[in-house]
Amino acid sequence: MTTVSLDGIDDIDWASLDHAYGPAGDVPQTLREAVGADDELAGEAIEHLFGSIYHQGTLYAATPWAVPFVARLAAEPGTPRRAHLVNLLAAIADSDDAEPDVLADVRTALAGETTRLLPLLDDPDVDVRHLATHLLGNLPPSSAAEVVPALRARRKRERSPRVLAGLLAAAGRLAPSDSAEWLAAELAPGRPAAARAGALWAIADAGHPWSDAATEAVRQLWLDGTPLKNWVWSDDPFGDIVSRVDGASFAELCRTMFDQGTADAARNAIDAVYERCVRSRSAREGSAPLLAAGIDHPDVAVRVAAATAVRDVAAAAPLAADSLASFVAGPFPEDANSGEARLFRIGLEVLLALGDPRWREPFITALTAGRLTFGVLGLLIDTDVACDPVLLTAVRQRLAALPSKRSASSGPLVDSIQWHNEVNTLTRVLHHWGPDASDAVPELVALVPLDRWWAVRALASFGPAASAAVPVLTEVRDDPAASWPHRLDCAQALAAITGDVAQLTACITDAAAGGQAVPAARMALHHNVPLDGLVPALRDIATTATGDEPAAIRVRVEAARLVLRAGDTSAPLAAAADALDSGRYTADAAELAGLVGPAAADLVPRLRKLLDSPHTSHEAALAIRRVTGEAEPLLEAVRRRLPTFGAGPWLEESLRELAADAAPLLPALHELAHGDAAIPGLGIDGREVHRDEEQRRRLVAVLAELQA
């Protein structure tokens with residue numbers, strides 16, 4: 001079976017094709033192992049396939065060549081672990097993250113396997129049928145004439161709720177117009193709940209007109225349960241569906257589900273309301289009462305969901321303050337991973353952000369007991385809480401209670417990371433407080449030899465008040481076994497404490513002589529120490545060929561950037577050209593070329609090759625603008641990048657670079673800044689509203705700057 005299914009696989013020059021990890025010569029053996037007798041080896045092989053020809057949603061040149069072989073294996077009833085292979089094909093079919101030519105080849109390869117894959121709908125394995133709906137529904141539109149009739153035929157026989165819903169989702173995705181009447185008919189009250197739910201989702205997904213009957217079907221299906229669980233088409237089908245319900249009907253539906261439904265229904269309502277707040281600025285004020293009411297729901301999962309939303313939606317926070325204050329007033333829950341513990345921490349965050357003094361006592365108690373996450377601790381900085389004796393004592397006690405001699409590698413990995421994060425945040429708080437926190441010198445001195453990021457910087461922020469740290473800082477600065485970045489940090493702290501800049505200059509010189517010209521130059525620039533003595537070493541690094549070794553290329557590009565600051569363009573041009581040719585750190589190389597300016601004209605053809613890649617298009621376009629003055633590549637790169645990355649510093653930089661040439665972008669950007677829809681892009685879960693409001697403020701400011 002396996003031999004027949006893989007006939008011809010060794011005739012392909014896989015080594016000339018790339019996947020996520022480089023040349024794809026390992027694909028044939030990986031496929032053989034994926035369907036082999038060794039379960040452990042097969043599991044690793046399947047994981048490697050997902051990581052190589054489909055890497056976090058990205059497809060590669062090897063992907064379309066692998067598709068026919070994966071399809072043959074998946075379609076053969078005797079193949080072991082077929083569900084994994086069907087799932088892999090479905091993931092590939094559902095992705096559009098690839099170079100245009102690769103994506104076209106993938107679509108062609110998938111369409112060519114349509115007939116072979118159709119029998120999966122009748123497979124005796126329900127998991128295979130379920131996953132097959134996702135695969136078939138995401139085939140190219142050219143497959144619709146063959147697939148949709150098969151979906152309709154299977155609908156008459158299917159008994160699995162997940163598969164039944166998937167059949168309708170597949171029809172709506174693959175042939176939205178032709179399936180509209182069918183989907184509407186499936187909403188009738190007498191149809192199975194899964195069919196109605198799948199039809200609702202498909203109607204929402206396809207953007208068909210939404211009816212009052214559809215809204216009523218949502219209420220009936222989700223008020224007392226969850227008709228779609230563990231469904232391959234969506235992690236949150238309810239949220240996808242109610243996104244189509246208009247404002248008034250949406251508010252009424254969610255309030256009904258919260259007041260009258262099960263705990264699951266209430267949780268769905270809270271999640272849907274919060275998602276509406278994430279997407280719509282006008283929804284935030286009106287949604288605040290329901291989000292705040294969720295804090296008092298009897299189910300802890302609902303309370304946590306509501307608290308998460310309240311933390312992000314500023315209008316809801318004052319309405320929930322009393323309830324959250326009552327949660328944090330009691331002792332910290334015994335189980336630090338429980339919903340109650342999460343509610344406790346979110347309550348502290350909200351009260352801190354509001355400036356409500358009820359945060360202080362429980363915060364200090366939990367801090368001293370080691371019960372706070374670094375995210376909550378960091379709010380002392382974010383909300384600019386002033387240092388006072390009680391808070392400082394709590395921070396010092398917590399630092400003293402930590403095992404100060406613990407090495408970076410001791411203990412379980414998770415515990416080690418948690419310890420690092422806590423120490424890092426506590427010392428960053430002390431750095432933020434500056435000289436007002438100088439009583440903490442003894443606790444920081446114990447951390448200096450361990451290189452805990454902010455400990456040395458905090459001592460530097462204390463200035464002369466940290467004189468007691470001079471001996472240990474001097475010892476580490478002069479310790480040949482310590483890393484040069486750490487030694488330089490200690491020298492910087494000594495200069496801040498003693499005022500002796502000469503010893504910092506000497507340490508910079510020693511670091512350069514020790515082969516660390518790049519960190520030495522960074523420190524010199526930070527303190528306005530002339531680079532003259534470092535330029536020869538930096539030039540050597542920037543002009544020495546490194547092959548394709550990524551770390552060496554990164555250092556070379558960084559050295560070249562520093563040389564450029566000294567006025568030398570030849571070394572940066574050579575470093576940028578070699579990095580672009582190697583395909584490593586191409587975004588950094590493009591940025592370097594742009595900093596060189598018109599003298600980098602010979603690199604423009606290389607930069608243009610990067611414009612089609614979503615990972616490098618913006619950096620390449622920005623460089624082309626700086627080198628040639630062309631506006632169109634950067635305008636197009638901004639249009640492509642904005643939906644994914646939002647309006648961050650990258651956009652501000654681009655708009656300032658374009659200046660008057662940004663005019664074609666301004667109508668859309670003004671709509672983003674002043675319209676109802678939130679700025680698109682990836683955000684941190686539970687912080688999306690905050691992200692939108694922060695990016696909006698920055699966008700408004702840069703647009704005003706351009707208009708001025």
# chains A, B, ... in the order shown; residues from 1 in each chain; ligands from 1
call {"tool": "residues_around", "arguments": {"residues": "A:Leu573", "least_positions_apart": "6", "cutoff": "9 Å", "atoms": "only C-alpha atoms", "output": "list in words"}}
result
Ala560, Leu592, Ala593, Val596, Ala599, Ala600 and Leu603 of chain A
call {"tool": "residues_around", "arguments": {"residues": "A:Arg82", "least_positions_apart": "3", "cutoff": "10 Å", "atoms": "only C-alpha atoms", "output": "PyMOL selection string"}}
result
chain A and resi 34-35+70-71+73-79+85-88+125+127-128
call {"tool": "select_by_dssp", "arguments": {"residues": "stretch 377-480 of chain A", "states": "alpha helix (DSSP H)", "output": "mmCIF file with C-alpha atoms, in the first residue's frame"}}
result
data_model
loop_
_atom_site.group_PDB
_atom_site.id
_atom_site.type_symbol
_atom_site.label_atom_id
_atom_site.label_comp_id
_atom_site.auth_asym_id
_atom_site.auth_seq_id
_atom_site.Cartn_x
_atom_site.Cartn_y
_atom_site.Cartn_z
ATOM 1 C CA LEU A 377 3.935 43.648 38.973
ATOM 2 C CA LEU A 379 1.627 47.672 36.282
ATOM 3 C CA LEU A 380 3.530 49.555 38.983
ATOM 4 C CA ILE A 381 5.581 50.909 36.090
ATOM 5 C CA ASP A 382 2.799 51.203 33.526
ATOM 6 C CA PRO A 389 8.284 52.854 52.170
ATOM 7 C CA VAL A 390 5.587 50.170 52.347
ATOM 8 C CA LEU A 391 5.762 49.203 48.667
ATOM 9 C CA LEU A 392 9.558 49.321 48.668
ATOM 10 C CA THR A 393 9.703 47.059 51.712
ATOM 11 C CA ALA A 394 7.420 44.537 49.993
ATOM 12 C CA VAL A 395 9.567 44.506 46.858
ATOM 13 C CA ARG A 396 12.739 44.073 48.928
ATOM 14 C CA GLN A 397 11.215 41.275 50.977
ATOM 15 C CA ARG A 398 10.172 39.434 47.848
ATOM 16 C CA LEU A 399 13.624 39.779 46.282
ATOM 17 C CA ALA A 400 15.246 38.595 49.510
ATOM 18 C CA ALA A 401 12.938 35.589 49.640
ATOM 19 C CA LEU A 413 12.400 24.977 32.888
ATOM 20 C CA VAL A 414 9.013 26.514 33.678
ATOM 21 C CA ASP A 415 10.033 27.348 37.246
ATOM 22 C CA SER A 416 13.282 28.841 36.001
ATOM 23 C CA ILE A 417 11.479 31.041 33.477
ATOM 24 C CA GLN A 418 8.974 32.166 36.086
ATOM 25 C CA TRP A 419 11.802 33.002 38.472
ATOM 26 C CA HIS A 420 13.655 34.969 35.801
ATOM 27 C CA ASN A 421 10.507 36.893 34.897
ATOM 28 C CA GLU A 422 9.764 37.798 38.506
ATOM 29 C CA VAL A 423 13.318 38.917 39.271
ATOM 30 C CA ASN A 424 13.444 40.877 36.021
ATOM 31 C CA THR A 425 10.184 42.688 36.768
ATOM 32 C CA LEU A 426 11.017 43.454 40.397
ATOM 33 C CA THR A 427 14.378 44.941 39.452
ATOM 34 C CA ARG A 428 12.779 46.868 36.590
ATOM 35 C CA VAL A 429 10.357 48.393 39.119
ATOM 36 C CA LEU A 430 13.330 49.495 41.237
ATOM 37 C CA HIS A 431 14.978 50.979 38.147
ATOM 38 C CA HIS A 432 11.761 52.882 37.420
ATOM 39 C CA TRP A 433 11.706 54.296 40.935
ATOM 40 C CA VAL A 441 20.937 48.250 47.147
ATOM 41 C CA PRO A 442 21.681 45.157 49.320
ATOM 42 C CA GLU A 443 19.142 43.020 47.460
ATOM 43 C CA LEU A 444 20.430 44.197 44.071
ATOM 44 C CA VAL A 445 24.075 43.623 45.002
ATOM 45 C CA ALA A 446 23.305 39.935 45.490
ATOM 46 C CA LEU A 447 21.992 39.753 41.918
ATOM 47 C CA TRP A 454 17.675 45.158 35.281
ATOM 48 C CA ALA A 455 19.565 44.680 38.545
ATOM 49 C CA VAL A 456 22.688 46.463 37.300
ATOM 50 C CA ARG A 457 20.615 49.085 35.511
ATOM 51 C CA ALA A 458 18.635 49.759 38.676
ATOM 52 C CA LEU A 459 21.861 50.392 40.578
ATOM 53 C CA ALA A 460 22.925 52.785 37.824
ATOM 54 C CA SER A 461 19.609 54.646 38.174
ATOM 55 C CA PHE A 462 20.319 55.194 41.893
ATOM 56 C CA VAL A 470 30.885 49.649 43.720
ATOM 57 C CA PRO A 471 32.992 46.665 44.901
ATOM 58 C CA VAL A 472 30.794 43.967 43.314
ATOM 59 C CA LEU A 473 30.303 45.988 40.136
ATOM 60 C CA THR A 474 34.056 46.442 39.869
ATOM 61 C CA GLU A 475 34.657 42.746 40.477
ATOM 62 C CA VAL A 476 32.277 41.698 37.685
ATOM 63 C CA ARG A 477 33.545 44.388 35.324
#
call {"tool": "residues_around", "arguments": {"residues": "stretch 258-260 of chain A", "least_positions_apart": "3", "cutoff": "10 Å", "atoms": "only C-alpha atoms", "output": "list of chain:residue names"}}
result
A:Leu223, A:Asp224, A:Glu252, A:Leu253, A:Cys254, A:Arg255, A:Ala263, A:Asp264, A:Ala265, A:Ala266, A:Arg267, A:Asn268, A:Ala269, A:Ile270, A:Leu290, A:Ala293, A:Gly294, A:His297, A:Val302
call {"tool": "residues_around", "arguments": {"residues": "A:Ala314", "least_positions_apart": "3", "cutoff": "12 Å", "atoms": "only C-alpha atoms", "output": "PyMOL selection string"}}
result
chain A and resi 274+277-278+281+283-289+291-292+307-311+317-321+350-351+353-354+687-690+693
call {"tool": "residues_around", "arguments": {"residues": "stretch 661-671 of chain A", "least_positions_apart": "2", "cutoff": "10 Å", "atoms": "only C-alpha atoms", "output": "list in words"}}
result
Glu630, Ala631, Glu632, Leu634, Leu635, Glu636, Val638, Arg639, Leu642, Ala647, Ser654, Leu655, Arg656, Glu657, Leu658, Ala659, Ala673, His674, Gly675, Asp676, Ala677, Ala678, Ile679, Arg696, Leu699, Val700, Leu703, Leu706 and Gln707 of chain A
call {"tool": "write_last_selection", "arguments": {"atoms": "N, CA and C atoms", "output": "PDB file, in the first residue's frame"}}
result
ATOM      1  N   GLU A 630      11.475  56.405  -4.941  1.00  0.00           N
ATOM      2  CA  GLU A 630      10.204  55.858  -5.419  1.00  0.00           C
ATOM      3  C   GLU A 630       9.197  55.724  -4.283  1.00  0.00           C
ATOM      4  N   ALA A 631       7.953  56.085  -4.565  1.00  0.00           N
ATOM      5  CA  ALA A 631       6.912  55.994  -3.542  1.00  0.00           C
ATOM      6  C   ALA A 631       6.032  54.759  -3.685  1.00  0.00           C
ATOM      7  N   GLU A 632       5.763  54.321  -4.916  1.00  0.00           N
ATOM      8  CA  GLU A 632       4.755  53.282  -5.136  1.00  0.00           C
ATOM      9  C   GLU A 632       5.042  51.974  -4.405  1.00  0.00           C
ATOM     10  N   LEU A 634       6.489  51.468  -1.593  1.00  0.00           N
ATOM     11  CA  LEU A 634       6.196  51.636  -0.168  1.00  0.00           C
ATOM     12  C   LEU A 634       4.702  51.822   0.063  1.00  0.00           C
ATOM     13  N   LEU A 635       4.035  52.532  -0.818  1.00  0.00           N
ATOM     14  CA  LEU A 635       2.576  52.663  -0.696  1.00  0.00           C
ATOM     15  C   LEU A 635       1.905  51.288  -0.740  1.00  0.00           C
ATOM     16  N   GLU A 636       2.326  50.450  -1.689  1.00  0.00           N
ATOM     17  CA  GLU A 636       1.733  49.124  -1.807  1.00  0.00           C
ATOM     18  C   GLU A 636       2.077  48.256  -0.603  1.00  0.00           C
ATOM     19  N   VAL A 638       2.603  49.245   2.442  1.00  0.00           N
ATOM     20  CA  VAL A 638       1.780  49.685   3.572  1.00  0.00           C
ATOM     21  C   VAL A 638       0.373  49.111   3.444  1.00  0.00           C
ATOM     22  N   ARG A 639      -0.182  49.160   2.245  1.00  0.00           N
ATOM     23  CA  ARG A 639      -1.542  48.611   2.047  1.00  0.00           C
ATOM     24  C   ARG A 639      -1.590  47.125   2.394  1.00  0.00           C
ATOM     25  N   LEU A 642      -0.767  46.592   6.548  1.00  0.00           N
ATOM     26  CA  LEU A 642      -1.654  47.173   7.550  1.00  0.00           C
ATOM     27  C   LEU A 642      -2.680  46.187   8.116  1.00  0.00           C
ATOM     28  N   ALA A 647      -1.371  49.645  13.036  1.00  0.00           N
ATOM     29  CA  ALA A 647      -0.772  50.972  12.849  1.00  0.00           C
ATOM     30  C   ALA A 647       0.309  51.234  13.882  1.00  0.00           C
ATOM     31  N   SER A 654       6.954  54.843   7.996  1.00  0.00           N
ATOM     32  CA  SER A 654       6.664  54.863   6.567  1.00  0.00           C
ATOM     33  C   SER A 654       5.996  56.168   6.153  1.00  0.00           C
ATOM     34  N   LEU A 655       5.030  56.631   6.942  1.00  0.00           N
ATOM     35  CA  LEU A 655       4.321  57.858   6.595  1.00  0.00           C
ATOM     36  C   LEU A 655       5.251  59.063   6.640  1.00  0.00           C
ATOM     37  N   ARG A 656       6.128  59.092   7.622  1.00  0.00           N
ATOM     38  CA  ARG A 656       7.082  60.214   7.684  1.00  0.00           C
ATOM     39  C   ARG A 656       8.040  60.164   6.506  1.00  0.00           C
ATOM     40  N   GLU A 657       8.414  58.958   6.092  1.00  0.00           N
ATOM     41  CA  GLU A 657       9.308  58.822   4.948  1.00  0.00           C
ATOM     42  C   GLU A 657       8.609  59.260   3.663  1.00  0.00           C
ATOM     43  N   LEU A 658       7.336  58.920   3.526  1.00  0.00           N
ATOM     44  CA  LEU A 658       6.590  59.281   2.324  1.00  0.00           C
ATOM     45  C   LEU A 658       6.227  60.759   2.297  1.00  0.00           C
ATOM     46  N   ALA A 659       5.944  61.325   3.454  1.00  0.00           N
ATOM     47  CA  ALA A 659       5.558  62.739   3.560  1.00  0.00           C
ATOM     48  C   ALA A 659       4.393  63.030   2.605  1.00  0.00           C
ATOM     49  N   ALA A 673      -8.492  55.991  11.726  1.00  0.00           N
ATOM     50  CA  ALA A 673      -8.280  56.804  12.923  1.00  0.00           C
ATOM     51  C   ALA A 673      -9.589  57.307  13.522  1.00  0.00           C
ATOM     52  N   HIS A 674     -10.568  57.596  12.682  1.00  0.00           N
ATOM     53  CA  HIS A 674     -11.777  58.263  13.177  1.00  0.00           C
ATOM     54  C   HIS A 674     -13.056  57.465  12.964  1.00  0.00           C
ATOM     55  N   GLY A 675     -12.987  56.324  12.274  1.00  0.00           N
ATOM     56  CA  GLY A 675     -14.177  55.526  12.033  1.00  0.00           C
ATOM     57  C   GLY A 675     -14.518  54.621  13.207  1.00  0.00           C
ATOM     58  N   ASP A 676     -15.509  53.776  12.991  1.00  0.00           N
ATOM     59  CA  ASP A 676     -15.975  52.897  14.064  1.00  0.00           C
ATOM     60  C   ASP A 676     -15.173  51.607  14.151  1.00  0.00           C
ATOM     61  N   ALA A 677     -14.691  51.124  13.018  1.00  0.00           N
ATOM     62  CA  ALA A 677     -13.978  49.840  13.014  1.00  0.00           C
ATOM     63  C   ALA A 677     -12.606  49.986  13.657  1.00  0.00           C
ATOM     64  N   ALA A 678     -12.260  49.011  14.482  1.00  0.00           N
ATOM     65  CA  ALA A 678     -10.952  49.030  15.131  1.00  0.00           C
ATOM     66  C   ALA A 678      -9.855  48.796  14.101  1.00  0.00           C
ATOM     67  N   ILE A 679      -8.669  49.250  14.427  1.00  0.00           N
ATOM     68  CA  ILE A 679      -7.524  49.043  13.548  1.00  0.00           C
ATOM     69  C   ILE A 679      -7.237  47.545  13.477  1.00  0.00           C
ATOM     70  N   ARG A 696      -4.611  53.999  17.753  1.00  0.00           N
ATOM     71  CA  ARG A 696      -5.410  55.111  17.230  1.00  0.00           C
ATOM     72  C   ARG A 696      -4.813  56.441  17.668  1.00  0.00           C
ATOM     73  N   LEU A 699      -1.783  57.067  15.582  1.00  0.00           N
ATOM     74  CA  LEU A 699      -2.131  57.342  14.191  1.00  0.00           C
ATOM     75  C   LEU A 699      -2.690  58.755  14.044  1.00  0.00           C
ATOM     76  N   VAL A 700      -3.560  59.163  14.955  1.00  0.00           N
ATOM     77  CA  VAL A 700      -4.097  60.525  14.922  1.00  0.00           C
ATOM     78  C   VAL A 700      -2.963  61.544  14.991  1.00  0.00           C
ATOM     79  N   LEU A 703      -0.947  61.603  11.647  1.00  0.00           N
ATOM     80  CA  LEU A 703      -1.729  62.224  10.576  1.00  0.00           C
ATOM     81  C   LEU A 703      -1.775  63.737  10.750  1.00  0.00           C
ATOM     82  N   LEU A 706       1.493  65.103   9.554  1.00  0.00           N
ATOM     83  CA  LEU A 706       1.592  65.185   8.095  1.00  0.00           C
ATOM     84  C   LEU A 706       0.794  66.362   7.550  1.00  0.00           C
ATOM     85  N   GLN A 707      -0.378  66.588   8.098  1.00  0.00           N
ATOM     86  CA  GLN A 707      -1.204  67.692   7.626  1.00  0.00           C
ATOM     87  C   GLN A 707      -0.577  69.042   7.944  1.00  0.00           C
TER      88      GLN A 707
END
call {"tool": "residues_around", "arguments": {"residues": "A:Val232", "least_positions_apart": "3", "cutoff": "10 Å", "atoms": "only C-alpha atoms", "output": "list in words"}}
result
Asn87, Ala90, Asp127, His130, Leu131, Ala132, Thr133, His134, Arg162, Val163, Gly166, Leu228, Lys229 and Asp235 of chain A
call {"tool": "write_last_selection", "arguments": {"atoms": "C-alpha atoms", "output": "PDB file, in the first residue's frame"}}
result
ATOM      1  CA  ASN A  87      -5.918  17.253   8.534  1.00  0.00           C
ATOM      2  CA  ALA A  90      -7.028  20.568   4.935  1.00  0.00           C
ATOM      3  CA  ASP A 127     -12.890  11.720  12.377  1.00  0.00           C
ATOM      4  CA  HIS A 130     -15.192  15.352   9.826  1.00  0.00           C
ATOM      5  CA  LEU A 131     -11.746  16.484   8.666  1.00  0.00           C
ATOM      6  CA  ALA A 132     -12.640  15.700   5.049  1.00  0.00           C
ATOM      7  CA  THR A 133     -15.378  18.336   5.099  1.00  0.00           C
ATOM      8  CA  HIS A 134     -12.739  20.926   5.989  1.00  0.00           C
ATOM      9  CA  ARG A 162     -19.871  17.490  13.666  1.00  0.00           C
ATOM     10  CA  VAL A 163     -19.757  16.018  10.175  1.00  0.00           C
ATOM     11  CA  GLY A 166     -19.150  20.412   8.356  1.00  0.00           C
ATOM     12  CA  LEU A 228     -21.035  22.578  17.833  1.00  0.00           C
ATOM     13  CA  LYS A 229     -18.244  21.201  20.008  1.00  0.00           C
ATOM     14  CA  ASP A 235     -12.961  27.276  17.586  1.00  0.00           C
TER      15      ASP A 235
END
call {"tool": "residues_around", "arguments": {"residues": "A:Leu564", "least_positions_apart": "4", "cutoff": "12 Å", "atoms": "only C-alpha atoms", "output": "VMD selection string"}}
result
chain A and resid 531 535 538 to 539 542 557 to 560 568 to 576 592 to 597 599
call {"tool": "atom_distance", "arguments": {"atom1": "atom CA of A:Arg155", "atom2": "atom CA of A:Arg116"}}
result
19.5 Å
call {"tool": "closest_residue", "arguments": {"among": "A:Trp484, A:Trp222, A:Trp201, A:Tyr585", "to": "A:Thr509", "atoms": "only C-alpha atoms"}}
result
A:Trp484
